[in-house]
Amino acid sequence: MSATVARAPAAEQSSTEIIATSNVRWKLVAPTLLVIWIISMFDKANMSIVQNNSRFLDDLGLNGQQAKIGLLSTGLFLAYAICAPLWGYLVDAIGARKTAALSLLVWAVTCFWAGLAESYNSLLFSRIVLGFGEAALYPFTLALIAQWFALKERGRATSFWWIGTMIGPMIMGLVVTFLIVTFGWRYQFHAMALLALFVPLPMVWFLVRDKPEQHPSVDPTEVALISGGTLQENEAAPGRTRRAENRVWWRNYRFWLVTVAIGTNSIFYWGWSIWLPTYLRISRGFSFQTSGYLTFVIFGFAVATILVVGRYSDRIFRRAPLAGIGWICAAALLVASALAPSPLLSVAFSIAALCAQQVGISCAEMLMHSVVPETEMGPSQGVRAITAQLIGASSPWLIGVMVQATGGFAGAFSALAFAIVVSAGCMIKLSREGF
């Protein structure tokens, strides 16, 4: 492709035609974000496997204490929510790259700490501090996506890092189960710490810069392509006639609709995913090893779903209708999984529910780039994170309380299904406006 074509606004090209000579954003930036998110999901979701290990339950006196077990994840998410705005403004102050590096150092320290915990309170506090460290994820990720990718390709770029939220739990189910069975529950925490230190931290420091023009490997063609495809320059972007209203993001009700939808989706996702192996073991009769390994299968299907949705939503440039349909289907399928007459049928419905839910949340993540200007991504995503995570943070604890009180998962799954019906409802207004 000639330089002239490469400099054309991204709105005039399909996502498959956007090409630049250096292509650093796809070769270095996108893979780095993917790896960061995979490791972050290892650190957050490993409790879903650990809390099913009998030795762990005995060591910390947690047998039959589902509410306290759920609080280990809820504490993390509350800290995640409360601290997110701090990281958002730190992105503005020191840049996304340094923010990401600092965040990764916090993860590593807290994972070592968790492996040394001799009491429930010590482990809980380590999880809370981990939540503080991981609160930087959304602010620095969306800031880098906004700076490095033209609007027309941000659906694919978002799907590139978002699949990490599925690949992480998928691989985690295999790795953490193996480590616990082979070495014990403490050593898997130490392995998570080493992983954060020696894989994503060097990648973010040596391969990424805050802006394309700062990177030594980026040529002028790629810089021109990205700058020509911003939200402000993109005449074909959804909701273009209302673009002036989007400039002050905290006064923009579209930002808040997307944020609330993501928050109620968090109720569903964290309540379901943290308790999934327990559900498979207690309600469906699978062994500890099998319930852990089944997470690999269930989350694996979601990875393919995200990749397809990312490309398709870039082609049609309409994300709100897809999100709403996905969430409605997920609610129905989750209830079906709880009521299924056989364990295998329940697993099949669980796979379908997660795939449908990922259609909803991945499209919602992409919508942020249509309602918030690139320059406001750091602060806006800090506020988004505190709002959305505060909505969803209590979910693991509440599901534990419900399971402990009722002895089953049917009522808990119905509550989670209702949450994503609310997410779907938030998409109605945006769908009518062309988003």
# chains A, B, ... in the order shown; residues from 1 in each chain; ligands from 1
>>> closest_atom_pairs(of="stretch 136-183 of chain A", to="stretch 275-299 of chain A", cutoff="8 Å", atoms="only C-alpha atoms", output="tab-separated table")
residue	atom	partner	partner_atom	distance
A:Met166	CA	A:Phe299	CA	5.5
A:Ile167	CA	A:Phe299	CA	6.9
A:Pro169	CA	A:Phe299	CA	6.7
A:Met170	CA	A:Phe296	CA	4.0
A:Ile171	CA	A:Phe296	CA	6.0
A:Met172	CA	A:Phe296	CA	7.6
A:Gly173	CA	A:Gly292	CA	5.1
A:Leu174	CA	A:Tyr293	CA	5.4
A:Thr177	CA	A:Gly292	CA	5.9
>>> closest_atom_pairs(of="stretch 122-239 of chain A", to="stretch 70-73 of chain A", cutoff="8 Å", atoms="only C-alpha atoms", output="JSON lines")
{"residue": "A:Leu123", "atom": "CA", "partner": "A:Leu72", "partner_atom": "CA", "distance": 7.8}
{"residue": "A:Leu124", "atom": "CA", "partner": "A:Leu72", "partner_atom": "CA", "distance": 5.4}
{"residue": "A:Arg127", "atom": "CA", "partner": "A:Leu72", "partner_atom": "CA", "distance": 6.5}
>>> select_by_dssp(residues="stretch 146-380 of chain A", states="helix (DSSP H, G or I)", output="PyMOL selection string")
chain A and resi 146-148+151-162+164-183+185-198+200-207+212-214+220-227+240-246+249-251+253-282+288-316+320-339+343-371+374-380
>>> residues_around(residues="stretch 100-114 of chain A", least_positions_apart="2", cutoff="6 Å", atoms="only C-alpha atoms", output="number ranges by chain")
A: 97-98, 116-117, 123, 126, 130, 133, 189-190, 193, 196, 201
>>> atom_distance(atom1="atom CA of A:Gly263", atom2="atom CA of A:Thr141")
17.7 Å
>>> atom_distance(atom1="atom CA of A:Ile325", atom2="atom CA of A:Thr158")
19.3 Å
>>> residues_around(residues="A:Pro139", least_positions_apart="4", cutoff="12 Å", atoms="only C-alpha atoms", output="compact mmCIF listing (two decimals) with C-alpha atoms, in the first residue's frame")
# COMPACT_ATOMS: atom_id res chain seq x y z
CA TYR A 80 -9.58 -2.62 42.70
CA ALA A 81 -12.55 -0.27 42.53
CA CYS A 83 -7.95 2.63 43.86
CA ALA A 84 -8.71 2.79 40.12
CA PRO A 85 -9.13 6.61 39.93
CA LEU A 86 -5.71 7.07 41.53
CA TRP A 87 -4.12 4.99 38.78
CA GLY A 88 -6.17 6.81 36.14
CA TYR A 89 -4.71 10.15 37.10
CA LEU A 90 -1.27 8.57 37.48
CA VAL A 91 -1.49 7.55 33.82
CA ASP A 92 -1.93 11.24 32.98
CA GLY A 95 2.33 7.85 31.40
CA ALA A 96 0.76 4.45 30.79
CA ARG A 97 4.08 2.59 30.46
CA THR A 99 2.09 3.05 35.47
CA ALA A 100 1.91 -0.50 34.09
CA SER A 103 1.41 -2.03 38.90
CA GLU A 134 -4.39 -4.49 39.52
CA ALA A 135 -6.63 -1.40 39.65
CA ALA A 143 -5.06 4.81 27.32
CA LEU A 144 -2.61 2.77 25.22
CA ILE A 145 -5.36 1.51 22.89
CA ALA A 146 -6.60 5.09 22.38
CA MET A 368 -15.91 3.21 25.37
CA GLU A 374 -8.62 9.61 23.31
CA THR A 375 -7.13 12.32 25.53
CA GLU A 376 -9.55 11.55 28.38
CA MET A 377 -9.06 7.78 28.56
CA GLY A 378 -6.83 7.69 31.64
CA PRO A 379 -9.05 9.68 34.05
CA SER A 380 -12.35 8.42 32.60
CA GLN A 381 -11.35 4.77 32.90
CA GLY A 382 -10.23 5.29 36.47
CA VAL A 383 -13.73 6.54 37.30
CA ARG A 384 -15.29 3.80 35.17
CA ALA A 385 -13.30 1.17 37.07
CA ILE A 386 -14.30 2.41 40.54
>>> atom_distance(atom1="atom CA of A:Leu76", atom2="atom CA of A:Phe125")
8.7 Å
